[in-house]
>>> print(open('model_17.txt').read())   # compact mmCIF, C-alpha atoms and all ligand atoms
# COMPACT_ATOMS: atom_id res chain seq x y z
CA MET G 153 382.34 114.34 -61.18
CA THR G 154 381.63 116.42 -58.15
CA THR G 155 382.93 114.84 -54.96
CA VAL G 156 380.87 113.90 -51.92
CA LEU G 157 382.57 116.77 -50.09
CA GLU G 158 381.48 119.27 -52.73
CA ARG G 159 377.91 118.03 -52.76
CA VAL G 160 377.65 118.00 -48.96
CA THR G 161 379.17 121.49 -48.84
CA LYS G 162 376.58 122.79 -51.26
CA VAL G 163 373.70 121.33 -49.22
CA VAL G 164 375.12 122.80 -46.01
CA VAL G 165 375.71 126.23 -47.55
CA ASP G 166 372.20 126.32 -49.03
CA ARG G 167 370.46 125.08 -45.91
CA LEU G 168 372.37 126.94 -43.20
CA GLY G 169 373.29 130.05 -45.14
CA VAL G 170 376.95 129.82 -44.09
CA ASP G 171 380.01 130.65 -46.16
CA GLU G 172 381.68 127.83 -48.08
CA THR G 173 384.94 128.45 -46.24
CA GLU G 174 383.26 127.67 -42.92
CA VAL G 175 382.29 124.17 -44.04
CA LYS G 176 385.34 122.31 -42.76
CA LEU G 177 385.45 118.60 -41.98
CA GLU G 178 385.65 119.19 -38.24
CA ALA G 179 382.91 121.84 -38.20
CA SER G 180 380.00 120.87 -35.97
CA PHE G 181 376.61 121.73 -37.46
CA ARG G 182 375.22 122.89 -34.15
CA GLU G 183 378.26 124.46 -32.50
CA ASP G 184 380.13 125.97 -35.44
CA LEU G 185 377.55 126.39 -38.17
CA GLY G 186 374.68 127.79 -36.11
CA ALA G 187 372.20 124.99 -36.79
CA ASP G 188 369.40 124.31 -34.33
CA SER G 189 368.03 120.80 -33.83
CA LEU G 190 365.39 121.25 -36.52
CA ASP G 191 368.04 122.48 -38.98
CA VAL G 192 370.01 119.29 -38.41
CA VAL G 193 366.93 117.17 -39.08
CA GLU G 194 366.33 119.11 -42.29
CA LEU G 195 369.94 118.84 -43.31
CA VAL G 196 369.77 115.07 -42.98
CA MET G 197 366.57 115.07 -45.06
CA GLU G 198 368.29 117.01 -47.80
CA LEU G 199 371.33 114.77 -47.74
CA GLU G 200 368.96 111.83 -48.14
CA ASP G 201 367.49 113.47 -51.22
CA GLU G 202 370.85 114.57 -52.63
CA PHE G 203 372.39 111.11 -52.31
CA ASP G 204 369.17 109.17 -52.82
CA MET G 205 369.55 107.15 -49.62
CA GLU G 206 367.76 106.64 -46.36
CA ILE G 207 369.46 107.64 -43.14
CA SER G 208 367.86 106.01 -40.11
CA ASP G 209 367.09 108.11 -37.04
CA GLU G 210 369.76 106.24 -35.05
CA ASP G 211 372.40 106.94 -37.67
CA ALA G 212 371.27 110.55 -38.06
CA GLU G 213 371.81 111.14 -34.36
CA LYS G 214 375.48 110.27 -34.76
CA ILE G 215 376.06 112.83 -37.50
CA ALA G 216 377.36 115.92 -35.73
CA THR G 217 380.04 117.33 -38.02
CA VAL G 218 380.56 117.79 -41.74
CA GLY G 219 383.16 115.01 -41.57
CA ASP G 220 380.65 112.65 -39.92
CA ALA G 221 378.21 113.23 -42.75
CA ILE G 222 380.79 112.62 -45.45
CA LYS G 223 382.15 109.51 -43.77
CA TYR G 224 378.62 108.15 -43.39
CA ILE G 225 377.68 108.84 -46.99
CA GLU G 226 380.89 107.42 -48.41
CA GLY G 227 380.46 104.32 -46.27
CA LYS G 228 376.97 103.82 -47.65
CA VAL G 229 377.71 104.57 -51.28
CA ASN G 230 380.72 102.28 -51.51
CA MET U 168 337.90 131.80 -56.52
CA GLY U 169 338.03 129.77 -53.33
CA LYS U 170 340.11 130.49 -50.25
CA LEU U 171 342.02 127.24 -50.74
CA ASP U 172 342.44 126.99 -54.50
CA GLY U 173 345.13 124.48 -55.45
CA LYS U 174 345.80 123.37 -51.86
CA VAL U 175 345.90 119.71 -50.97
CA ALA U 176 344.16 118.59 -47.78
CA VAL U 177 344.22 115.25 -45.98
CA VAL U 178 341.24 114.74 -43.67
CA THR U 179 341.32 111.69 -41.42
CA GLY U 180 338.00 110.04 -40.66
CA ALA U 181 336.24 111.88 -43.47
CA SER U 182 333.71 109.18 -44.33
CA ARG U 183 331.14 110.37 -41.82
CA GLY U 184 330.12 113.07 -39.37
CA ILE U 185 332.34 116.06 -38.76
CA GLY U 186 335.16 114.80 -41.00
CA ARG U 187 332.77 114.50 -43.92
CA ALA U 188 331.57 118.08 -43.45
CA ILE U 189 335.20 119.25 -43.21
CA ALA U 190 336.15 117.47 -46.45
CA LEU U 191 333.19 118.99 -48.30
CA SER U 192 333.85 122.50 -46.97
CA LEU U 193 337.54 122.41 -47.88
CA ALA U 194 336.62 121.21 -51.37
CA LYS U 195 334.07 124.01 -51.71
CA GLU U 196 336.95 126.45 -51.19
CA GLY U 197 338.90 124.79 -53.99
CA ALA U 198 341.10 122.31 -52.10
CA LYS U 199 341.90 118.85 -53.44
CA VAL U 200 340.92 116.43 -50.71
CA VAL U 201 342.16 113.05 -49.54
CA VAL U 202 339.21 111.40 -47.82
CA ASN U 203 340.61 108.95 -45.27
CA TYR U 204 338.45 106.27 -43.70
CA SER U 205 338.89 103.14 -41.65
CA GLY U 206 336.08 100.77 -42.61
CA SER U 207 333.33 102.74 -44.38
CA GLU U 208 334.56 102.44 -47.94
CA GLN U 209 331.20 103.20 -49.52
CA LYS U 210 330.57 106.28 -47.43
CA ALA U 211 334.05 107.56 -48.20
CA GLN U 212 333.41 107.02 -51.90
CA GLN U 213 330.16 108.99 -51.61
CA VAL U 214 332.09 111.92 -50.18
CA VAL U 215 334.59 111.66 -53.05
CA ASP U 216 331.73 111.57 -55.60
CA GLU U 217 330.12 114.60 -54.02
CA ILE U 218 333.40 116.52 -54.18
CA ASN U 219 333.99 115.47 -57.78
CA SER U 220 330.53 116.72 -58.68
CA MET U 221 331.59 120.15 -57.38
CA GLY U 222 334.34 120.09 -59.98
CA THR U 223 337.16 119.49 -57.51
CA GLN U 224 339.41 116.47 -57.12
CA ALA U 225 339.29 113.96 -54.30
CA ILE U 226 340.36 110.41 -53.56
CA ALA U 227 339.45 107.99 -50.78
CA ILE U 228 342.29 106.20 -48.99
CA GLN U 229 341.79 103.53 -46.36
CA ALA U 230 344.15 103.76 -43.39
CA ASN U 231 344.04 102.94 -39.72
CA ILE U 232 345.59 106.04 -38.19
CA SER U 233 346.76 104.17 -35.10
CA GLU U 234 349.18 102.07 -37.19
CA VAL U 235 352.38 103.58 -38.48
CA GLU U 236 352.64 101.63 -41.77
CA SER U 237 349.08 102.50 -42.57
CA VAL U 238 349.70 106.20 -41.91
CA THR U 239 352.91 106.21 -43.98
CA ASN U 240 351.01 104.68 -46.87
CA LEU U 241 348.22 107.26 -46.50
CA MET U 242 350.56 110.24 -46.71
CA ASP U 243 352.76 108.72 -49.43
CA SER U 244 349.70 108.00 -51.55
CA ALA U 245 348.41 111.52 -50.99
CA ILE U 246 351.70 113.06 -52.14
CA LYS U 247 351.90 110.70 -55.10
CA GLN U 248 348.38 111.62 -56.17
CA PHE U 249 348.42 115.37 -55.61
CA GLY U 250 352.10 116.35 -55.24
CA SER U 251 351.92 118.03 -51.83
CA ILE U 252 350.14 118.13 -48.49
CA ASP U 253 349.25 121.66 -47.49
CA ILE U 254 346.60 120.93 -44.91
CA LEU U 255 346.25 118.03 -42.47
CA VAL U 256 343.06 117.74 -40.48
CA ASN U 257 343.38 115.19 -37.69
CA ASN U 258 339.72 114.42 -37.21
CA ALA U 259 339.31 110.64 -36.90
CA GLY U 260 338.26 109.62 -33.43
CA ILE U 261 336.36 106.99 -31.47
CA THR U 262 334.69 106.64 -28.08
CA ARG U 263 334.60 103.67 -25.68
CA ASP U 264 332.79 105.19 -22.73
CA ASN U 265 332.83 103.70 -19.28
CA LEU U 266 333.28 104.73 -15.67
CA ILE U 267 336.89 104.46 -14.58
CA MET U 268 335.91 101.70 -12.15
CA ARG U 269 334.54 99.65 -15.03
CA MET U 270 336.85 100.71 -17.81
CA LYS U 271 338.79 97.85 -19.34
CA GLU U 272 342.38 98.23 -20.32
CA ASP U 273 341.61 97.69 -23.99
CA GLU U 274 338.94 100.41 -23.89
CA TRP U 275 341.58 102.77 -22.58
CA ASP U 276 344.19 101.62 -25.12
CA ASP U 277 341.88 101.74 -28.16
CA VAL U 278 340.88 105.33 -27.52
CA ILE U 279 344.38 106.56 -26.70
CA ASN U 280 345.79 104.76 -29.75
CA THR U 281 343.30 106.23 -32.18
CA ASN U 282 342.59 109.65 -30.69
CA LEU U 283 346.05 110.59 -29.42
CA LYS U 284 348.70 108.34 -30.95
CA GLY U 285 346.91 108.61 -34.30
CA VAL U 286 347.30 112.40 -34.24
CA PHE U 287 351.00 112.03 -33.41
CA LEU U 288 351.60 109.52 -36.22
CA CYS U 289 349.78 111.57 -38.85
CA THR U 290 351.54 114.76 -37.74
CA LYS U 291 354.93 113.10 -37.84
CA ALA U 292 354.22 111.68 -41.27
CA VAL U 293 353.49 115.09 -42.86
CA THR U 294 356.22 117.17 -41.22
CA ARG U 295 358.91 116.26 -43.74
CA GLN U 296 356.74 117.33 -46.67
CA MET U 297 355.54 120.50 -44.95
CA MET U 298 359.06 121.45 -43.83
CA LYS U 299 360.26 121.17 -47.42
CA GLN U 300 357.34 123.30 -48.56
CA ARG U 301 358.10 125.85 -45.89
CA ALA U 302 354.36 125.96 -45.37
CA GLY U 303 351.61 123.88 -43.88
CA ARG U 304 348.56 123.86 -41.68
CA ILE U 305 347.72 121.19 -39.17
CA ILE U 306 344.30 121.30 -37.55
CA ASN U 307 343.56 118.88 -34.73
CA ILE U 308 340.03 118.08 -33.67
CA SER U 309 340.06 117.84 -29.88
CA SER U 310 336.90 118.15 -27.79
CA ILE U 311 335.54 120.54 -25.21
CA VAL U 312 335.47 117.65 -22.72
CA GLY U 313 339.26 117.56 -23.07
CA VAL U 314 339.18 120.98 -21.43
CA MET U 315 336.34 120.41 -18.96
CA GLY U 316 336.54 116.71 -18.10
CA ASN U 317 333.53 114.43 -18.39
CA ALA U 318 332.36 111.57 -16.18
CA GLY U 319 332.35 108.29 -18.08
CA GLN U 320 334.96 109.35 -20.64
CA ALA U 321 338.32 109.12 -18.87
CA ASN U 322 340.04 107.59 -21.89
CA TYR U 323 338.51 110.01 -24.38
CA VAL U 324 339.09 113.07 -22.21
CA ALA U 325 342.71 112.11 -21.55
CA ALA U 326 343.29 111.68 -25.28
CA LYS U 327 341.57 114.96 -26.19
CA ALA U 328 343.45 116.93 -23.52
CA GLY U 329 346.59 115.27 -24.84
CA VAL U 330 345.77 116.53 -28.32
CA ILE U 331 345.71 120.11 -27.03
CA GLY U 332 349.17 119.68 -25.50
CA LEU U 333 350.41 118.02 -28.67
CA THR U 334 349.00 120.92 -30.70
CA LYS U 335 350.95 123.48 -28.66
CA THR U 336 354.19 121.52 -28.88
CA THR U 337 353.87 120.87 -32.61
CA ALA U 338 353.12 124.57 -33.07
CA ARG U 339 356.30 125.53 -31.22
CA GLU U 340 358.53 122.99 -32.95
CA LEU U 341 357.41 123.89 -36.45
CA ALA U 342 356.68 127.62 -36.23
CA SER U 343 360.05 128.55 -37.72
CA ARG U 344 359.14 126.57 -40.83
CA ASN U 345 355.83 128.37 -41.30
CA ILE U 346 353.78 125.36 -40.29
CA LEU U 347 350.81 126.55 -38.27
CA VAL U 348 349.13 124.17 -35.88
CA ASN U 349 345.83 124.78 -34.12
CA ALA U 350 343.10 122.74 -32.48
CA ILE U 351 339.34 122.94 -32.41
CA ALA U 352 337.41 121.80 -29.37
CA PRO U 353 333.86 121.07 -30.48
CA GLY U 354 331.08 120.87 -27.95
CA PHE U 355 328.09 118.67 -28.57
CA ILE U 356 327.71 118.17 -32.35
CA THR U 357 325.00 116.13 -34.09
CA THR U 358 326.72 113.03 -35.55
CA GLU U 359 326.55 109.25 -35.19
CA MET U 360 329.01 109.58 -32.31
CA THR U 361 326.61 111.69 -30.26
CA ASP U 362 323.48 109.89 -31.51
CA ALA U 363 324.87 106.83 -29.77
CA LEU U 364 324.93 108.53 -26.36
CA PRO U 365 322.28 107.65 -23.77
CA GLU U 366 319.30 110.04 -23.66
CA GLU U 367 320.01 111.13 -20.07
CA MET U 368 323.57 112.11 -20.97
CA LYS U 369 322.32 114.12 -23.95
CA ASN U 370 319.79 115.99 -21.80
CA ALA U 371 322.40 116.66 -19.15
CA MET U 372 324.74 118.11 -21.75
CA LEU U 373 322.01 120.16 -23.42
CA SER U 374 321.21 121.82 -20.12
CA GLN U 375 324.80 123.06 -19.96
CA ILE U 376 324.75 124.77 -23.36
CA PRO U 377 323.91 128.51 -23.21
CA LEU U 378 322.88 128.50 -26.88
CA ALA U 379 320.50 125.66 -25.93
CA LYS U 380 321.00 123.49 -29.01
CA LEU U 381 323.42 121.03 -30.50
CA GLY U 382 326.00 122.17 -33.01
CA GLN U 383 326.12 120.96 -36.60
CA PRO U 384 329.16 119.41 -38.33
CA GLU U 385 329.25 122.50 -40.57
CA ASP U 386 329.88 124.72 -37.52
CA ILE U 387 333.18 122.89 -37.08
CA ALA U 388 333.94 122.71 -40.79
CA LYS U 389 333.73 126.50 -41.14
CA ALA U 390 336.33 126.95 -38.44
CA VAL U 391 338.60 124.42 -40.15
CA VAL U 392 338.35 126.40 -43.40
CA PHE U 393 339.29 129.54 -41.49
CA LEU U 394 342.30 127.89 -39.81
CA ALA U 395 343.45 126.42 -43.13
CA SER U 396 343.19 129.74 -44.99
CA ASP U 397 345.33 132.86 -45.25
CA ASP U 398 342.88 134.53 -42.86
CA ALA U 399 344.52 132.64 -39.98
CA SER U 400 348.16 133.26 -40.88
CA TYR U 401 349.02 134.88 -37.52
CA MET U 402 347.56 132.13 -35.38
CA THR U 403 349.28 129.05 -34.03
CA GLY U 404 349.07 126.81 -30.97
CA GLN U 405 345.52 127.88 -30.20
CA THR U 406 342.37 125.95 -29.42
CA LEU U 407 339.05 127.29 -30.71
CA HIS U 408 336.10 126.33 -28.53
CA ILE U 409 333.04 125.81 -30.71
CA ASP U 410 330.54 124.64 -28.19
CA GLY U 411 327.55 126.96 -27.98
CA GLY U 412 329.16 128.54 -24.94
CA MET U 413 329.37 125.35 -22.89
CA TYR U 414 332.79 126.27 -21.59
CA MET U 415 333.72 129.90 -20.88
N1 LIG F 1 330.28 114.60 -32.36
C1 LIG F 1 330.64 115.35 -31.35
O1 LIG F 1 329.80 115.88 -30.62
C2 LIG F 1 332.09 115.63 -31.10
C3 LIG F 1 332.40 116.51 -30.07
C4 LIG F 1 333.72 116.81 -29.82
C5 LIG F 1 334.70 116.24 -30.59
N2 LIG F 1 334.39 115.37 -31.58
C6 LIG F 1 335.49 114.82 -32.35
O2 LIG F 1 335.30 115.07 -33.73
C7 LIG F 1 335.88 114.01 -34.49
C8 LIG F 1 334.84 113.45 -35.44
O3 LIG F 1 333.75 112.96 -34.70
P1 LIG F 1 332.39 112.48 -35.34
O4 LIG F 1 331.35 112.76 -34.35
O5 LIG F 1 332.27 113.01 -36.70
O6 LIG F 1 332.63 110.89 -35.37
P2 LIG F 1 331.97 109.74 -36.24
O7 LIG F 1 330.73 110.23 -36.90
O8 LIG F 1 331.89 108.56 -35.35
O9 LIG F 1 333.09 109.49 -37.38
C9 LIG F 1 334.34 109.04 -37.02
C10 LIG F 1 335.23 109.01 -38.23
O10 LIG F 1 336.53 108.58 -37.84
C11 LIG F 1 336.93 107.48 -38.63
N3 LIG F 1 337.81 106.61 -37.86
C12 LIG F 1 337.60 106.01 -36.66
N4 LIG F 1 338.66 105.30 -36.27
C13 LIG F 1 339.60 105.43 -37.25
C14 LIG F 1 340.90 104.92 -37.45
N5 LIG F 1 341.50 104.13 -36.54
N6 LIG F 1 341.57 105.26 -38.57
C15 LIG F 1 340.99 106.07 -39.49
N7 LIG F 1 339.75 106.58 -39.36
C16 LIG F 1 339.06 106.25 -38.26
C17 LIG F 1 335.65 106.82 -39.05
O11 LIG F 1 335.89 106.06 -40.21
P3 LIG F 1 334.90 104.83 -40.64
O12 LIG F 1 333.61 105.49 -41.09
O13 LIG F 1 335.58 104.15 -41.75
O14 LIG F 1 334.70 104.01 -39.42
C18 LIG F 1 334.76 108.03 -39.30
O15 LIG F 1 335.04 108.59 -40.56
C19 LIG F 1 336.40 113.00 -33.49
O16 LIG F 1 337.77 113.22 -33.24
C20 LIG F 1 335.59 113.31 -32.25
O17 LIG F 1 336.27 112.92 -31.09
C21 LIG F 1 333.09 115.05 -31.85
>>> encode(input="model_17.txt", output="structure tokens")
Amino acid sequence: MTTVLERVTKVVVDRLGVDETEVKLEASFREDLGADSLDVVELVMELEDEFDMEISDEDAEKIATVGDAIKYIEGKVN
Amino acid sequence: MGKLDGKVAVVTGASRGIGRAIALSLAKEGAKVVVNYSGSEQKAQQVVDEINSMGTQAIAIQANISEVESVTNLMDSAIKQFGSIDILVNNAGITRDNLIMRMKEDEWDDVINTNLKGVFLCTKAVTRQMMKQRAGRIINISSIVGVMGNAGQANYVAAKAGVIGLTKTTARELASRNILVNAIAPGFITTEMTDALPEEMKNAMLSQIPLAKLGQPEDIAKAVVFLASDDASYMTGQTLHIDGGMYM
């Protein structure tokens, strides 16, 4: 079983074209990983597809770092 | 070989008038067409039948573009049926003309809700799909009066000017994803919408048209085909004035 972290990392690497080693829990999508606001929207869309869930706009706004995304997804899945 | 072979187009308000001509022209170039309508089910079905007889696919879907659930259903059904949305033509529109002094609040609201909010809702509803595709064309039907102003149409003019601003902003937001967004500002085109105008208004408008005649729905449809095709791949955020020279 691949972990949530691994799956999120793959989405982030594919979408933002960053190196896997840069995808740390505390990494901010916008500040550290070079995402613009549209990239973040797209990232959320792809996480929705990857984990087959819906992330509301209000919740999406709170997802700023890799850790935020993982915490959110784990909270929803469990 | 058509210019739009295999593309999927959603045309709002395609049961009559300009929207009907747009749907037929896109289909002629090989596009699969979703014919949206509000109340004219039969007329929409006639457009679908006509497209089918050209050997292309089409379906009619009822939706009120000023209501978000309705719009979501329209786009979801389109994707379910045809697998993508490559072209969105925001064409549906209404008029409720009155002088500002006499204009009722609901006349203002109805026109803004359909002609401006409707364009926003439909645009929002296709962006996810188009962003994933890394390609898309959105073509908004504004009006030349949105550029010039027109006595008796404050609500309509405000909405149509709004559509031009919305077009530019959508173009900027989505350019990096290869989604191209342009508007067309038709002048005076022969449809039920203009047939309903008072004779004096028609004559007044005619006298302002250098080409001295009304336009036909096909004049607009041809420009939509151009904007939807590869021929327009270096164009975004623009408004084409197709008005017999009314505004220069
Ligand atoms: N004719 C002109 O001279 C002229 C000039 C400049 C701009 N325009 C613009 O061109 C567009 C088309 O105009 P037209 O003259 O072809 O108009 P039209 O003949 O009156 O047709 C209007 C179309 O819009 C649909 N519609 C209206 N409200 C709707 C809603 N809430 N949801 C979904 N569909 C709705 C109608 O569907 P139903 O048949 O089901 O009611 C119909 O298919 C409009 O945006 C108009 O403002 C027209």
>>> residues_around(input="model_17.txt", residues="Ala352 (chain U)", least_positions_apart="2", cutoff="8 Å", atoms="only C-alpha atoms", output="number ranges by chain")
U: 308-311, 313, 350, 354, 406-410
>>> residues_around(input="model_17.txt", residues="Ser208 (chain G)", least_positions_apart="5", cutoff="10 Å", atoms="only C-alpha atoms", output="ChimeraX atom specification")
/G:196,200,213
>>> interface_residues(input="model_17.txt", of="chain G", to="chain U", cutoff="10 Å", atoms="all atoms listed in the file", output="list in words")
Ser189, Leu190, Asp191, Val193, Glu194, Met197 and Glu198 of chain G
>>> residues_near_ligand(input="model_17.txt", ligand="ligand LIG 1 (chain F)", cutoff="8 Å", atoms="only C-alpha atoms and all ligand atoms", output="compact mmCIF listing (two decimals) with C-alpha atoms, keeping the file's coordinate frame")
# COMPACT_ATOMS: atom_id res chain seq x y z
CA THR U 179 341.32 111.69 -41.42
CA GLY U 180 338.00 110.04 -40.66
CA ALA U 181 336.24 111.88 -43.47
CA SER U 182 333.71 109.18 -44.33
CA ARG U 183 331.14 110.37 -41.82
CA GLY U 184 330.12 113.07 -39.37
CA ILE U 185 332.34 116.06 -38.76
CA GLY U 186 335.16 114.80 -41.00
CA ARG U 187 332.77 114.50 -43.92
CA ASN U 203 340.61 108.95 -45.27
CA TYR U 204 338.45 106.27 -43.70
CA SER U 205 338.89 103.14 -41.65
CA GLY U 206 336.08 100.77 -42.61
CA SER U 207 333.33 102.74 -44.38
CA GLU U 208 334.56 102.44 -47.94
CA LYS U 210 330.57 106.28 -47.43
CA ALA U 211 334.05 107.56 -48.20
CA GLN U 229 341.79 103.53 -46.36
CA ALA U 230 344.15 103.76 -43.39
CA ASN U 231 344.04 102.94 -39.72
CA ILE U 232 345.59 106.04 -38.19
CA SER U 233 346.76 104.17 -35.10
CA GLU U 234 349.18 102.07 -37.19
CA ASN U 257 343.38 115.19 -37.69
CA ASN U 258 339.72 114.42 -37.21
CA ALA U 259 339.31 110.64 -36.90
CA GLY U 260 338.26 109.62 -33.43
CA ILE U 261 336.36 106.99 -31.47
CA THR U 262 334.69 106.64 -28.08
CA THR U 281 343.30 106.23 -32.18
CA ASN U 282 342.59 109.65 -30.69
CA GLY U 285 346.91 108.61 -34.30
CA ILE U 308 340.03 118.08 -33.67
CA SER U 309 340.06 117.84 -29.88
CA SER U 310 336.90 118.15 -27.79
CA ILE U 311 335.54 120.54 -25.21
CA VAL U 312 335.47 117.65 -22.72
CA TYR U 323 338.51 110.01 -24.38
CA LYS U 327 341.57 114.96 -26.19
CA ALA U 352 337.41 121.80 -29.37
CA PRO U 353 333.86 121.07 -30.48
CA GLY U 354 331.08 120.87 -27.95
CA PHE U 355 328.09 118.67 -28.57
CA ILE U 356 327.71 118.17 -32.35
CA THR U 357 325.00 116.13 -34.09
CA THR U 358 326.72 113.03 -35.55
CA GLU U 359 326.55 109.25 -35.19
CA MET U 360 329.01 109.58 -32.31
CA THR U 361 326.61 111.69 -30.26
CA GLY U 382 326.00 122.17 -33.01
CA PRO U 384 329.16 119.41 -38.33
>>> residues_around(input="model_17.txt", residues="Thr403 (chain U)", least_positions_apart="2", cutoff="9 Å", atoms="all atoms listed in the file", output="list in words")
Thr334, Lys335, Ala338, Arg339, Ala342, Ile346, Leu347, Val348, Asn349, Ala350, Ala399, Ser400, Tyr401, Gln405 and Thr406 of chain U
>>> atom_distance(input="model_17.txt", atom1="CA of Gln375 (chain U)", atom2="CA of Met315 (chain U)")
11.9 Å
>>> atom_distance(input="model_17.txt", atom1="CA of Lys170 (chain U)", atom2="CA of Ala227 (chain U)")
22.5 Å
>>> atom_distance(input="model_17.txt", atom1="CA of Asp216 (chain U)", atom2="CA of Val391 (chain U)")
21.2 Å
>>> residues_around(input="model_17.txt", residues="region 222-224 of chain G", least_positions_apart="3", cutoff="12 Å", atoms="all atoms listed in the file", output="mmCIF file with C-alpha atoms, in the coordinates of the input")
data_model
loop_
_atom_site.group_PDB
_atom_site.id
_atom_site.type_symbol
_atom_site.label_atom_id
_atom_site.label_comp_id
_atom_site.auth_asym_id
_atom_site.auth_seq_id
_atom_site.Cartn_x
_atom_site.Cartn_y
_atom_site.Cartn_z
ATOM 1 C CA THR G 155 382.930 114.840 -54.960
ATOM 2 C CA VAL G 156 380.870 113.900 -51.920
ATOM 3 C CA LEU G 157 382.570 116.770 -50.090
ATOM 4 C CA GLU G 158 381.480 119.270 -52.730
ATOM 5 C CA ARG G 159 377.910 118.030 -52.760
ATOM 6 C CA VAL G 160 377.650 118.000 -48.960
ATOM 7 C CA THR G 161 379.170 121.490 -48.840
ATOM 8 C CA VAL G 163 373.700 121.330 -49.220
ATOM 9 C CA VAL G 164 375.120 122.800 -46.010
ATOM 10 C CA VAL G 175 382.290 124.170 -44.040
ATOM 11 C CA LYS G 176 385.340 122.310 -42.760
ATOM 12 C CA LEU G 177 385.450 118.600 -41.980
ATOM 13 C CA GLU G 178 385.650 119.190 -38.240
ATOM 14 C CA ALA G 179 382.910 121.840 -38.200
ATOM 15 C CA VAL G 196 369.770 115.070 -42.980
ATOM 16 C CA LEU G 199 371.330 114.770 -47.740
ATOM 17 C CA GLU G 200 368.960 111.830 -48.140
ATOM 18 C CA PHE G 203 372.390 111.110 -52.310
ATOM 19 C CA MET G 205 369.550 107.150 -49.620
ATOM 20 C CA GLU G 206 367.760 106.640 -46.360
ATOM 21 C CA ILE G 207 369.460 107.640 -43.140
ATOM 22 C CA SER G 208 367.860 106.010 -40.110
ATOM 23 C CA ASP G 211 372.400 106.940 -37.670
ATOM 24 C CA ALA G 212 371.270 110.550 -38.060
ATOM 25 C CA GLU G 213 371.810 111.140 -34.360
ATOM 26 C CA LYS G 214 375.480 110.270 -34.760
ATOM 27 C CA ILE G 215 376.060 112.830 -37.500
ATOM 28 C CA ALA G 216 377.360 115.920 -35.730
ATOM 29 C CA THR G 217 380.040 117.330 -38.020
ATOM 30 C CA VAL G 218 380.560 117.790 -41.740
ATOM 31 C CA GLY G 219 383.160 115.010 -41.570
ATOM 32 C CA GLY G 227 380.460 104.320 -46.270
ATOM 33 C CA LYS G 228 376.970 103.820 -47.650
ATOM 34 C CA VAL G 229 377.710 104.570 -51.280
ATOM 35 C CA ASN G 230 380.720 102.280 -51.510
#
>>> axis_aligned_box(input="model_17.txt", around="region 212-220 of chain U", padding_each_side="3 Å", output="AutoDock Vina command-line options")
--center_x 332.4 --center_y 111.9 --center_z -54.4 --size_x 10.5 --size_y 15.7 --size_z 14.5
>>> decode(input="model_17.txt", residues="region 193-213 of chain G", atoms="C-alpha atoms", output="short mmCIF file (atom, residue, chain, number, x, y, z; two decimals), in the first residue's frame")
data_model
loop_
_atom_site.label_atom_id
_atom_site.label_comp_id
_atom_site.auth_asym_id
_atom_site.auth_seq_id
_atom_site.Cartn_x
_atom_site.Cartn_y
_atom_site.Cartn_z
CA VAL G 193 -6.38 25.26 -7.42
CA GLU G 194 -5.25 22.60 -9.87
CA LEU G 195 -3.34 20.73 -7.22
CA VAL G 196 -6.47 20.54 -5.09
CA MET G 197 -8.41 19.29 -8.13
CA GLU G 198 -5.89 16.54 -8.67
CA LEU G 199 -5.89 15.56 -5.03
CA GLU G 200 -9.67 15.30 -5.27
CA ASP G 201 -9.29 12.92 -8.20
CA GLU G 202 -6.44 10.94 -6.62
CA PHE G 203 -8.30 10.38 -3.36
CA ASP G 204 -11.79 10.36 -4.87
CA MET G 205 -13.12 13.05 -2.54
CA GLU G 206 -14.52 16.53 -2.73
CA ILE G 207 -12.65 19.37 -1.10
CA SER G 208 -14.83 22.42 -0.56
CA ASP G 209 -13.54 25.86 -1.52
CA GLU G 210 -13.42 26.87 2.16
CA ASP G 211 -11.34 23.84 3.07
CA ALA G 212 -9.12 24.25 0.02
CA GLU G 213 -8.24 27.78 1.11
#
